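J.: If it helps, the file is called structure02.cif and holds mmCIF, C-alpha atoms and all ligand atoms:
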data_input
loop_
_atom_site.group_PDB
_atom_site.id
_atom_site.type_symbol
_atom_site.label_atom_id
_atom_site.label_comp_id
_atom_site.auth_asym_id
_atom_site.auth_seq_id
_atom_site.Cartn_x
_atom_site.Cartn_y
_atom_site.Cartn_z
ATOM 1 C CA MET A 108 111.155 80.528 115.398
ATOM 2 C CA LEU A 109 111.647 82.247 118.745
ATOM 3 C CA ASN A 110 114.319 80.992 121.118
ATOM 4 C CA GLN A 111 112.254 79.617 123.989
ATOM 5 C CA ALA A 112 114.818 80.610 126.618
ATOM 6 C CA THR A 113 115.441 84.197 125.580
ATOM 7 C CA GLY A 114 112.348 85.058 123.552
ATOM 8 C CA THR A 115 114.598 86.415 120.817
ATOM 9 C CA SER A 116 115.056 85.282 117.258
ATOM 10 C CA PRO A 117 118.470 84.032 116.123
ATOM 11 C CA ASP A 118 118.687 86.227 113.050
ATOM 12 C CA PRO A 119 116.530 89.337 113.304
ATOM 13 C CA VAL A 120 116.559 91.758 110.372
ATOM 14 C CA VAL A 121 114.765 94.403 112.423
ATOM 15 C CA THR A 122 115.036 94.845 116.193
ATOM 16 C CA LEU A 123 113.279 97.475 118.287
ATOM 17 C CA ARG A 124 114.162 97.612 121.971
ATOM 18 C CA ASP A 125 112.336 99.807 124.425
ATOM 19 C CA VAL A 126 111.737 102.513 121.834
ATOM 20 C CA HIS A 127 110.340 105.790 123.122
ATOM 21 C CA LYS A 128 109.140 108.657 120.965
ATOM 22 C CA SER A 129 107.245 111.823 121.815
ATOM 23 C CA PHE A 130 105.993 114.652 119.679
ATOM 24 C CA GLY A 131 106.239 117.573 122.088
ATOM 25 C CA PRO A 132 104.180 116.599 125.130
ATOM 26 C CA LEU A 133 102.493 113.721 123.272
ATOM 27 C CA LYS A 134 104.023 110.332 124.134
ATOM 28 C CA VAL A 135 103.475 108.232 121.027
ATOM 29 C CA LEU A 136 105.776 105.250 121.635
ATOM 30 C CA GLU A 137 106.308 104.188 125.236
ATOM 31 C CA GLY A 138 108.743 101.304 125.231
ATOM 32 C CA VAL A 139 108.074 99.409 122.015
ATOM 33 C CA SER A 140 110.044 96.189 121.508
ATOM 34 C CA PHE A 141 109.791 93.519 118.826
ATOM 35 C CA GLU A 142 112.011 91.824 116.320
ATOM 36 C CA VAL A 143 111.498 90.555 112.805
ATOM 37 C CA PRO A 144 113.421 87.410 111.861
ATOM 38 C CA ARG A 145 114.764 87.073 108.324
ATOM 39 C CA GLY A 146 112.240 85.850 105.778
ATOM 40 C CA THR A 147 109.223 86.456 108.004
ATOM 41 C CA VAL A 148 106.218 88.773 107.899
ATOM 42 C CA THR A 149 105.221 90.868 110.893
ATOM 43 C CA ALA A 150 101.829 92.575 110.836
ATOM 44 C CA ILE A 151 101.331 95.609 113.072
ATOM 45 C CA ILE A 152 97.717 96.204 113.968
ATOM 46 C CA GLY A 153 95.906 98.530 116.317
ATOM 47 C CA ARG A 154 93.551 101.459 116.537
ATOM 48 C CA SER A 155 94.160 104.707 114.737
ATOM 49 C CA GLY A 156 96.580 106.802 116.784
ATOM 50 C CA SER A 157 98.156 103.845 118.605
ATOM 51 C CA GLY A 158 101.598 104.615 117.133
ATOM 52 C CA LYS A 159 101.796 102.073 114.274
ATOM 53 C CA SER A 160 102.988 104.468 111.569
ATOM 54 C CA THR A 161 105.412 106.174 113.926
ATOM 55 C CA ALA A 162 106.969 102.818 114.842
ATOM 56 C CA LEU A 163 107.341 101.967 111.158
ATOM 57 C CA ARG A 164 108.783 105.358 110.294
ATOM 58 C CA CYS A 165 111.357 105.029 113.081
ATOM 59 C CA ILE A 166 112.668 101.831 111.436
ATOM 60 C CA ASP A 167 113.553 103.773 108.278
ATOM 61 C CA ARG A 168 114.694 106.828 110.270
ATOM 62 C CA PHE A 169 111.936 109.076 108.981
ATOM 63 C CA GLU A 170 111.568 109.803 112.679
ATOM 64 C CA THR A 171 114.348 109.890 115.257
ATOM 65 C CA ILE A 172 113.712 108.205 118.581
ATOM 66 C CA ASP A 173 114.119 109.686 122.047
ATOM 67 C CA ARG A 174 115.247 106.537 123.808
ATOM 68 C CA GLY A 175 115.847 102.847 123.096
ATOM 69 C CA GLU A 176 117.521 100.992 120.299
ATOM 70 C CA ILE A 177 116.715 100.122 116.704
ATOM 71 C CA ARG A 178 118.822 97.789 114.583
ATOM 72 C CA VAL A 179 118.035 97.115 110.944
ATOM 73 C CA CYS A 180 120.161 94.916 108.635
ATOM 74 C CA GLY A 181 123.261 95.627 110.672
ATOM 75 C CA HIS A 182 122.606 99.375 110.885
ATOM 76 C CA ARG A 183 122.305 100.945 114.295
ATOM 77 C CA VAL A 184 119.472 103.262 113.275
ATOM 78 C CA ASP A 185 119.495 105.342 116.462
ATOM 79 C CA ALA A 186 123.260 105.980 116.316
ATOM 80 C CA PRO A 187 124.569 109.405 115.271
ATOM 81 C CA GLY A 188 126.993 107.863 112.743
ATOM 82 C CA LEU A 189 124.225 106.125 110.799
ATOM 83 C CA ASP A 190 124.773 105.917 107.032
ATOM 84 C CA LEU A 191 121.259 106.971 106.050
ATOM 85 C CA ARG A 192 121.808 106.336 102.376
ATOM 86 C CA ARG A 193 122.812 102.736 102.935
ATOM 87 C CA LEU A 194 119.977 102.197 105.397
ATOM 88 C CA ARG A 195 117.482 103.429 102.801
ATOM 89 C CA GLN A 196 118.986 101.069 100.220
ATOM 90 C CA ASP A 197 118.386 98.134 102.531
ATOM 91 C CA VAL A 198 114.879 99.185 103.559
ATOM 92 C CA GLY A 199 112.028 99.712 101.115
ATOM 93 C CA ILE A 200 108.960 101.550 102.332
ATOM 94 C CA VAL A 201 105.573 101.969 100.691
ATOM 95 C CA PHE A 202 102.980 104.318 102.128
ATOM 96 C CA GLN A 203 99.234 104.584 101.969
ATOM 97 C CA SER A 204 99.225 107.145 99.202
ATOM 98 C CA TYR A 205 101.327 106.033 96.285
ATOM 99 C CA ASN A 206 103.857 108.771 95.796
ATOM 100 C CA LEU A 207 104.936 108.245 92.241
ATOM 101 C CA PHE A 208 106.227 111.334 90.446
ATOM 102 C CA PRO A 209 103.310 112.351 88.192
ATOM 103 C CA HIS A 210 105.466 113.941 85.480
ATOM 104 C CA LEU A 211 107.591 110.812 84.981
ATOM 105 C CA THR A 212 106.653 107.580 83.229
ATOM 106 C CA ILE A 213 106.443 104.435 85.334
ATOM 107 C CA GLU A 214 109.786 103.339 83.878
ATOM 108 C CA GLN A 215 111.380 106.683 84.767
ATOM 109 C CA ASN A 216 109.908 106.504 88.262
ATOM 110 C CA ILE A 217 111.537 103.122 88.745
ATOM 111 C CA THR A 218 114.933 103.822 87.157
ATOM 112 C CA LEU A 219 115.417 107.097 89.049
ATOM 113 C CA ALA A 220 116.811 105.742 92.327
ATOM 114 C CA PRO A 221 118.934 102.903 90.879
ATOM 115 C CA THR A 222 120.651 105.335 88.473
ATOM 116 C CA ALA A 223 120.881 108.330 90.819
ATOM 117 C CA VAL A 224 121.651 106.563 94.092
ATOM 118 C CA LYS A 225 123.437 103.413 92.960
ATOM 119 C CA GLY A 226 124.972 104.772 89.752
ATOM 120 C CA MET A 227 123.468 101.936 87.742
ATOM 121 C CA PRO A 228 123.890 102.279 83.955
ATOM 122 C CA ARG A 229 120.669 103.396 82.259
ATOM 123 C CA ALA A 230 120.236 100.286 80.101
ATOM 124 C CA GLN A 231 120.614 98.036 83.119
ATOM 125 C CA ALA A 232 118.146 100.144 85.100
ATOM 126 C CA ARG A 233 115.610 99.874 82.270
ATOM 127 C CA ALA A 234 115.965 96.097 82.199
ATOM 128 C CA LEU A 235 115.502 96.088 85.963
ATOM 129 C CA ALA A 236 112.373 98.258 85.654
ATOM 130 C CA ALA A 237 110.907 95.766 83.183
ATOM 131 C CA GLU A 238 111.728 92.920 85.543
ATOM 132 C CA VAL A 239 110.210 94.409 88.712
ATOM 133 C CA LEU A 240 107.123 95.638 86.823
ATOM 134 C CA ALA A 241 106.587 92.140 85.447
ATOM 135 C CA GLN A 242 106.884 90.900 89.019
ATOM 136 C CA VAL A 243 103.881 93.040 90.046
ATOM 137 C CA GLY A 244 101.944 92.256 86.869
ATOM 138 C CA LEU A 245 102.522 95.592 85.136
ATOM 139 C CA GLY A 246 104.956 94.521 82.454
ATOM 140 C CA ASP A 247 102.987 96.464 79.827
ATOM 141 C CA LYS A 248 102.922 99.790 81.706
ATOM 142 C CA LEU A 249 106.547 100.932 81.373
ATOM 143 C CA GLN A 250 105.702 103.960 79.269
ATOM 144 C CA ALA A 251 102.467 104.899 81.037
ATOM 145 C CA TYR A 252 102.195 107.913 83.318
ATOM 146 C CA PRO A 253 100.874 107.399 86.859
ATOM 147 C CA GLU A 254 97.564 109.147 86.104
ATOM 148 C CA GLN A 255 96.881 106.581 83.375
ATOM 149 C CA LEU A 256 96.902 103.790 85.933
ATOM 150 C CA SER A 257 94.252 102.761 88.441
ATOM 151 C CA GLY A 258 94.964 103.301 92.134
ATOM 152 C CA GLY A 259 95.756 99.617 92.568
ATOM 153 C CA GLN A 260 98.135 99.676 89.609
ATOM 154 C CA GLN A 261 99.847 102.784 90.953
ATOM 155 C CA GLN A 262 100.351 101.135 94.297
ATOM 156 C CA ARG A 263 101.791 98.047 92.597
ATOM 157 C CA ALA A 264 104.124 100.327 90.628
ATOM 158 C CA ALA A 265 105.201 101.946 93.910
ATOM 159 C CA ILE A 266 106.013 98.499 95.271
ATOM 160 C CA ALA A 267 107.968 97.707 92.090
ATOM 161 C CA ARG A 268 109.901 100.941 92.510
ATOM 162 C CA SER A 269 110.940 99.851 96.000
ATOM 163 C CA LEU A 270 111.885 96.388 94.769
ATOM 164 C CA ALA A 271 114.191 97.913 92.163
ATOM 165 C CA MET A 272 116.518 98.926 94.992
ATOM 166 C CA ARG A 273 116.789 95.269 96.015
ATOM 167 C CA PRO A 274 115.849 95.957 99.644
ATOM 168 C CA LYS A 275 116.534 93.427 102.378
ATOM 169 C CA VAL A 276 113.320 94.325 104.160
ATOM 170 C CA MET A 277 110.079 95.941 103.003
ATOM 171 C CA LEU A 278 107.846 98.140 105.142
ATOM 172 C CA PHE A 279 104.218 98.677 104.166
ATOM 173 C CA ASP A 280 102.015 101.250 105.872
ATOM 174 C CA GLU A 281 98.333 100.610 105.155
ATOM 175 C CA VAL A 282 99.078 100.360 101.464
ATOM 176 C CA THR A 283 95.510 99.457 100.562
ATOM 177 C CA SER A 284 93.561 101.824 102.784
ATOM 178 C CA ALA A 285 93.305 104.600 100.168
ATOM 179 C CA LEU A 286 92.013 102.188 97.541
ATOM 180 C CA ASP A 287 88.504 101.288 96.516
ATOM 181 C CA PRO A 288 87.672 97.829 97.908
ATOM 182 C CA GLU A 289 87.731 96.193 94.475
ATOM 183 C CA LEU A 290 91.348 97.299 93.989
ATOM 184 C CA THR A 291 92.791 96.108 97.293
ATOM 185 C CA GLY A 292 92.909 92.435 96.269
ATOM 186 C CA GLU A 293 95.422 92.925 93.468
ATOM 187 C CA VAL A 294 97.798 94.819 95.772
ATOM 188 C CA LEU A 295 97.478 92.285 98.583
ATOM 189 C CA LYS A 296 98.180 89.534 96.046
ATOM 190 C CA VAL A 297 101.475 91.195 95.102
ATOM 191 C CA ILE A 298 102.443 91.420 98.781
ATOM 192 C CA GLU A 299 101.478 87.789 99.284
ATOM 193 C CA VAL A 300 103.697 86.658 96.399
ATOM 194 C CA LEU A 301 106.524 88.766 97.772
ATOM 195 C CA ALA A 302 106.138 87.125 101.182
ATOM 196 C CA ALA A 303 106.162 83.688 99.575
ATOM 197 C CA SER A 304 109.420 84.597 97.846
ATOM 198 C CA GLY A 305 111.016 84.999 101.284
ATOM 199 C CA MET A 306 111.073 88.793 101.552
ATOM 200 C CA THR A 307 111.275 90.039 105.139
ATOM 201 C CA MET A 308 108.349 92.380 105.694
ATOM 202 C CA VAL A 309 106.739 94.595 108.301
ATOM 203 C CA MET A 310 103.257 95.707 107.430
ATOM 204 C CA VAL A 311 100.839 97.982 109.171
ATOM 205 C CA THR A 312 97.440 96.814 108.041
ATOM 206 C CA HIS A 313 93.788 96.909 108.953
ATOM 207 C CA GLU A 314 93.059 93.949 106.680
ATOM 208 C CA MET A 315 92.612 91.418 109.459
ATOM 209 C CA GLY A 316 91.906 88.453 107.201
ATOM 210 C CA PHE A 317 95.019 89.219 105.236
ATOM 211 C CA ALA A 318 97.129 89.634 108.369
ATOM 212 C CA ARG A 319 95.893 86.300 109.628
ATOM 213 C CA GLY A 320 96.702 84.597 106.382
ATOM 214 C CA ILE A 321 100.138 86.018 105.762
ATOM 215 C CA ALA A 322 101.752 87.104 109.037
ATOM 216 C CA ASP A 323 104.203 84.956 110.964
ATOM 217 C CA GLU A 324 103.773 87.301 113.877
ATOM 218 C CA VAL A 325 101.198 89.913 114.806
ATOM 219 C CA VAL A 326 102.066 92.941 116.927
ATOM 220 C CA PHE A 327 99.001 94.587 118.464
ATOM 221 C CA MET A 328 99.745 98.152 119.460
ATOM 222 C CA HIS A 329 97.665 100.006 121.986
ATOM 223 C CA ARG A 330 98.454 103.480 123.316
ATOM 224 C CA GLY A 331 102.069 103.444 122.205
ATOM 225 C CA ARG A 332 102.836 100.017 123.585
ATOM 226 C CA VAL A 333 102.980 96.473 122.252
ATOM 227 C CA HIS A 334 99.923 95.230 124.052
ATOM 228 C CA GLU A 335 99.915 91.709 122.666
ATOM 229 C CA ARG A 336 102.259 89.923 120.345
ATOM 230 C CA GLY A 337 102.222 86.410 118.935
ATOM 231 C CA PRO A 338 101.517 84.155 115.972
ATOM 232 C CA ALA A 339 98.652 85.154 113.695
ATOM 233 C CA ALA A 340 96.433 82.594 115.420
ATOM 234 C CA MET A 341 96.272 84.939 118.411
ATOM 235 C CA LEU A 342 93.758 86.991 116.435
ATOM 236 C CA GLY A 343 91.364 84.088 116.845
ATOM 237 C CA ALA A 344 92.019 83.866 120.596
ATOM 238 C CA PRO A 345 92.953 87.272 121.987
ATOM 239 C CA THR A 346 94.027 87.232 125.612
ATOM 240 C CA THR A 347 93.546 90.922 126.419
ATOM 241 C CA PRO A 348 90.175 92.686 126.380
ATOM 242 C CA GLU A 349 91.695 95.427 124.208
ATOM 243 C CA LEU A 350 92.647 93.046 121.404
ATOM 244 C CA ARG A 351 89.352 91.201 121.768
ATOM 245 C CA GLN A 352 87.513 94.464 121.338
ATOM 246 C CA PHE A 353 89.717 95.545 118.448
ATOM 247 C CA VAL A 354 89.281 92.276 116.543
ATOM 248 C CA GLY A 355 85.573 92.283 117.306
ATOM 249 C CA SER A 356 85.099 95.811 116.030
ATOM 250 C CA GLY A 357 86.046 94.661 112.531
ATOM 251 C CA LEU A 358 88.527 97.514 112.115
HETATM 252 P P1 LIG B 401 98.671 105.155 113.802
HETATM 253 O O1 LIG B 401 99.509 104.910 112.593
HETATM 254 O O2 LIG B 401 98.578 103.979 114.718
HETATM 255 O O3 LIG B 401 97.305 105.664 113.455
HETATM 256 P P2 LIG B 401 100.507 107.320 114.326
HETATM 257 O O4 LIG B 401 101.809 106.715 114.621
HETATM 258 O O5 LIG B 401 100.314 107.898 112.972
HETATM 259 O O6 LIG B 401 99.347 106.290 114.679
HETATM 260 O O7 LIG B 401 100.219 108.491 115.345
HETATM 261 C C1 LIG B 401 100.269 108.304 116.752
HETATM 262 C C2 LIG B 401 99.998 109.632 117.418
HETATM 263 O O8 LIG B 401 101.076 110.512 117.139
HETATM 264 C C3 LIG B 401 98.754 110.342 116.940
HETATM 265 O O9 LIG B 401 98.165 110.985 118.044
HETATM 266 C C4 LIG B 401 99.277 111.341 115.953
HETATM 267 O O10 LIG B 401 98.441 112.452 115.871
HETATM 268 C C5 LIG B 401 100.613 111.699 116.551
HETATM 269 N N1 LIG B 401 101.618 112.104 115.552
HETATM 270 C C6 LIG B 401 102.085 111.347 114.541
HETATM 271 N N2 LIG B 401 103.019 112.008 113.828
HETATM 272 C C7 LIG B 401 103.137 113.231 114.413
HETATM 273 C C8 LIG B 401 103.949 114.389 114.153
HETATM 274 N N3 LIG B 401 104.824 114.417 113.151
HETATM 275 N N4 LIG B 401 103.787 115.450 114.961
HETATM 276 C C9 LIG B 401 102.923 115.426 115.987
HETATM 277 N N5 LIG B 401 102.133 114.384 116.288
HETATM 278 C C10 LIG B 401 102.232 113.295 115.516
HETATM 279 MG MG MG B 402 99.088 105.093 110.551
#
I need this file expressed as structure tokens, please.
Ligand code: ADP
Ligand code: MG

T.:
Amino acid sequence: MLNQATGTSPDPVVTLRDVHKSFGPLKVLEGVSFEVPRGTVTAIIGRSGSGKSTALRCIDRFETIDRGEIRVCGHRVDAPGLDLRRLRQDVGIVFQSYNLFPHLTIEQNITLAPTAVKGMPRAQARALAAEVLAQVGLGDKLQAYPEQLSGGQQQRAAIARSLAMRPKVMLFDEVTSALDPELTGEVLKVIEVLAASGMTMVMVTHEMGFARGIADEVVFMHRGRVHERGPAAMLGAPTTPELRQFVGSGL
């Protein structure tokens, strides 16, 4: 997949180059670079506080960067003229805590952005909601309210809501870490099916087995830097003591 001569991919959907980000005096990203080729899955792993979420949030411009370059689906994310609305249409993001609107039904949660942002007719948006909910195995929950669903179902609904915008890339930030262990499997299954369908994805995860099974590339972050990067098999043969320790700790 990588060009042997240049180390770059021919068709990256996401590119980070030498990205720096500080919060006040705290340097959180210190020269992060990686790219995500179309149709591939990149898993970002690393200790708590290593900068994983910040890196992900920079891709969708929830954070602005101090230095470096980020390109996503043809958008120059770090440029002042960025069309944020179009970037957010191309990039779906799902966080740890499912942020569905509690006072809206699942259908209303899903139709909101397509109608409000894209101007999609209501009937079409409802058909779309039914389609994406079926895709995550919640075809019978259109009229339910979030509180009537389990945590795993809510997270699947949040994924469906993102899919309704027909994103070109999906970002997942520890989407199962707030769930009881028995509910993580159903969410990971949805992500797995999505990956198999060819969706380009970047996922921050602490589910090592899952990362190994699904990721085309693993990015190990350590103290704001990409400490090791390679195919998922590298988790079985880490070259740095830091990754060895991290994998060994079972985190
Ligand atoms: P990870 O996702 O790997 O656990 P984060 O990217 O969330 O790490 O955080 C990296 C560091 O940046 C942490 O020390 C965290 O406290 C700090 N940080 C993250 N967001 C902010 C913020 N908005 N303001 C100040 N510090 C932040
Ligand atoms: Mg995080």

J.: Chain A near ligand MG 402 (chain B) within 9 Å: what's each residue's closest atom pair and its distance in Å to one decimal, counting only C-alpha atoms and all ligand atoms, ordered by chain then ascending residue number, as CSV?

T.:
residue,atom,partner,partner_atom,distance
A:Arg154,CA,B:MG402,MG,8.9
A:Ser155,CA,B:MG402,MG,6.5
A:Gly156,CA,B:MG402,MG,6.9
A:Ser157,CA,B:MG402,MG,8.2
A:Gly158,CA,B:MG402,MG,7.1
A:Lys159,CA,B:MG402,MG,5.5
A:Ser160,CA,B:MG402,MG,4.1
A:Thr161,CA,B:MG402,MG,7.2
A:Leu163,CA,B:MG402,MG,8.8
A:Gln203,CA,B:MG402,MG,8.6
A:Asp280,CA,B:MG402,MG,6.7
A:Glu281,CA,B:MG402,MG,7.1
A:Val311,CA,B:MG402,MG,7.5
A:Thr312,CA,B:MG402,MG,8.8

J.: Under the rule that only C-alpha atoms are counted, which of A:Ala251, A:Cys165, A:Val224, A:Ile217 is the nearest residue to Glu238 in chain A?

T.: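 The shortest atom-to-atom distance to Glu238 in chain A comes from A:Ile217.
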
J.: May I ask for the distance between atom O8 of ligand LIG 401 (chain B) and CA of His329 in chain A, given in Å to one decimal place?

T.: 12.1 Å

J.: From the list A:Val121, A:Ile177, A:Arg193, A:Pro132, which residue is nearest Lys225 in chain A when using all atoms listed in the file?

T.: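 When distances to Lys225 in chain A are compared using all atoms listed in the file, the smallest one comes from A:Arg193.
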
J.: Given the PyMOL selection byres (((chain A and resi 182-187) around 9) and not hetatm) and the file above, list the residues it selects as a ChimeraX atom specification.

T.: /A:165-168,171-181,188-191,193-194

J.: Can you measure CA of Glu335 in chain A to CA of Ser284 in chain A for me? One decimal in Å is fine.

T.: 23.2 Å
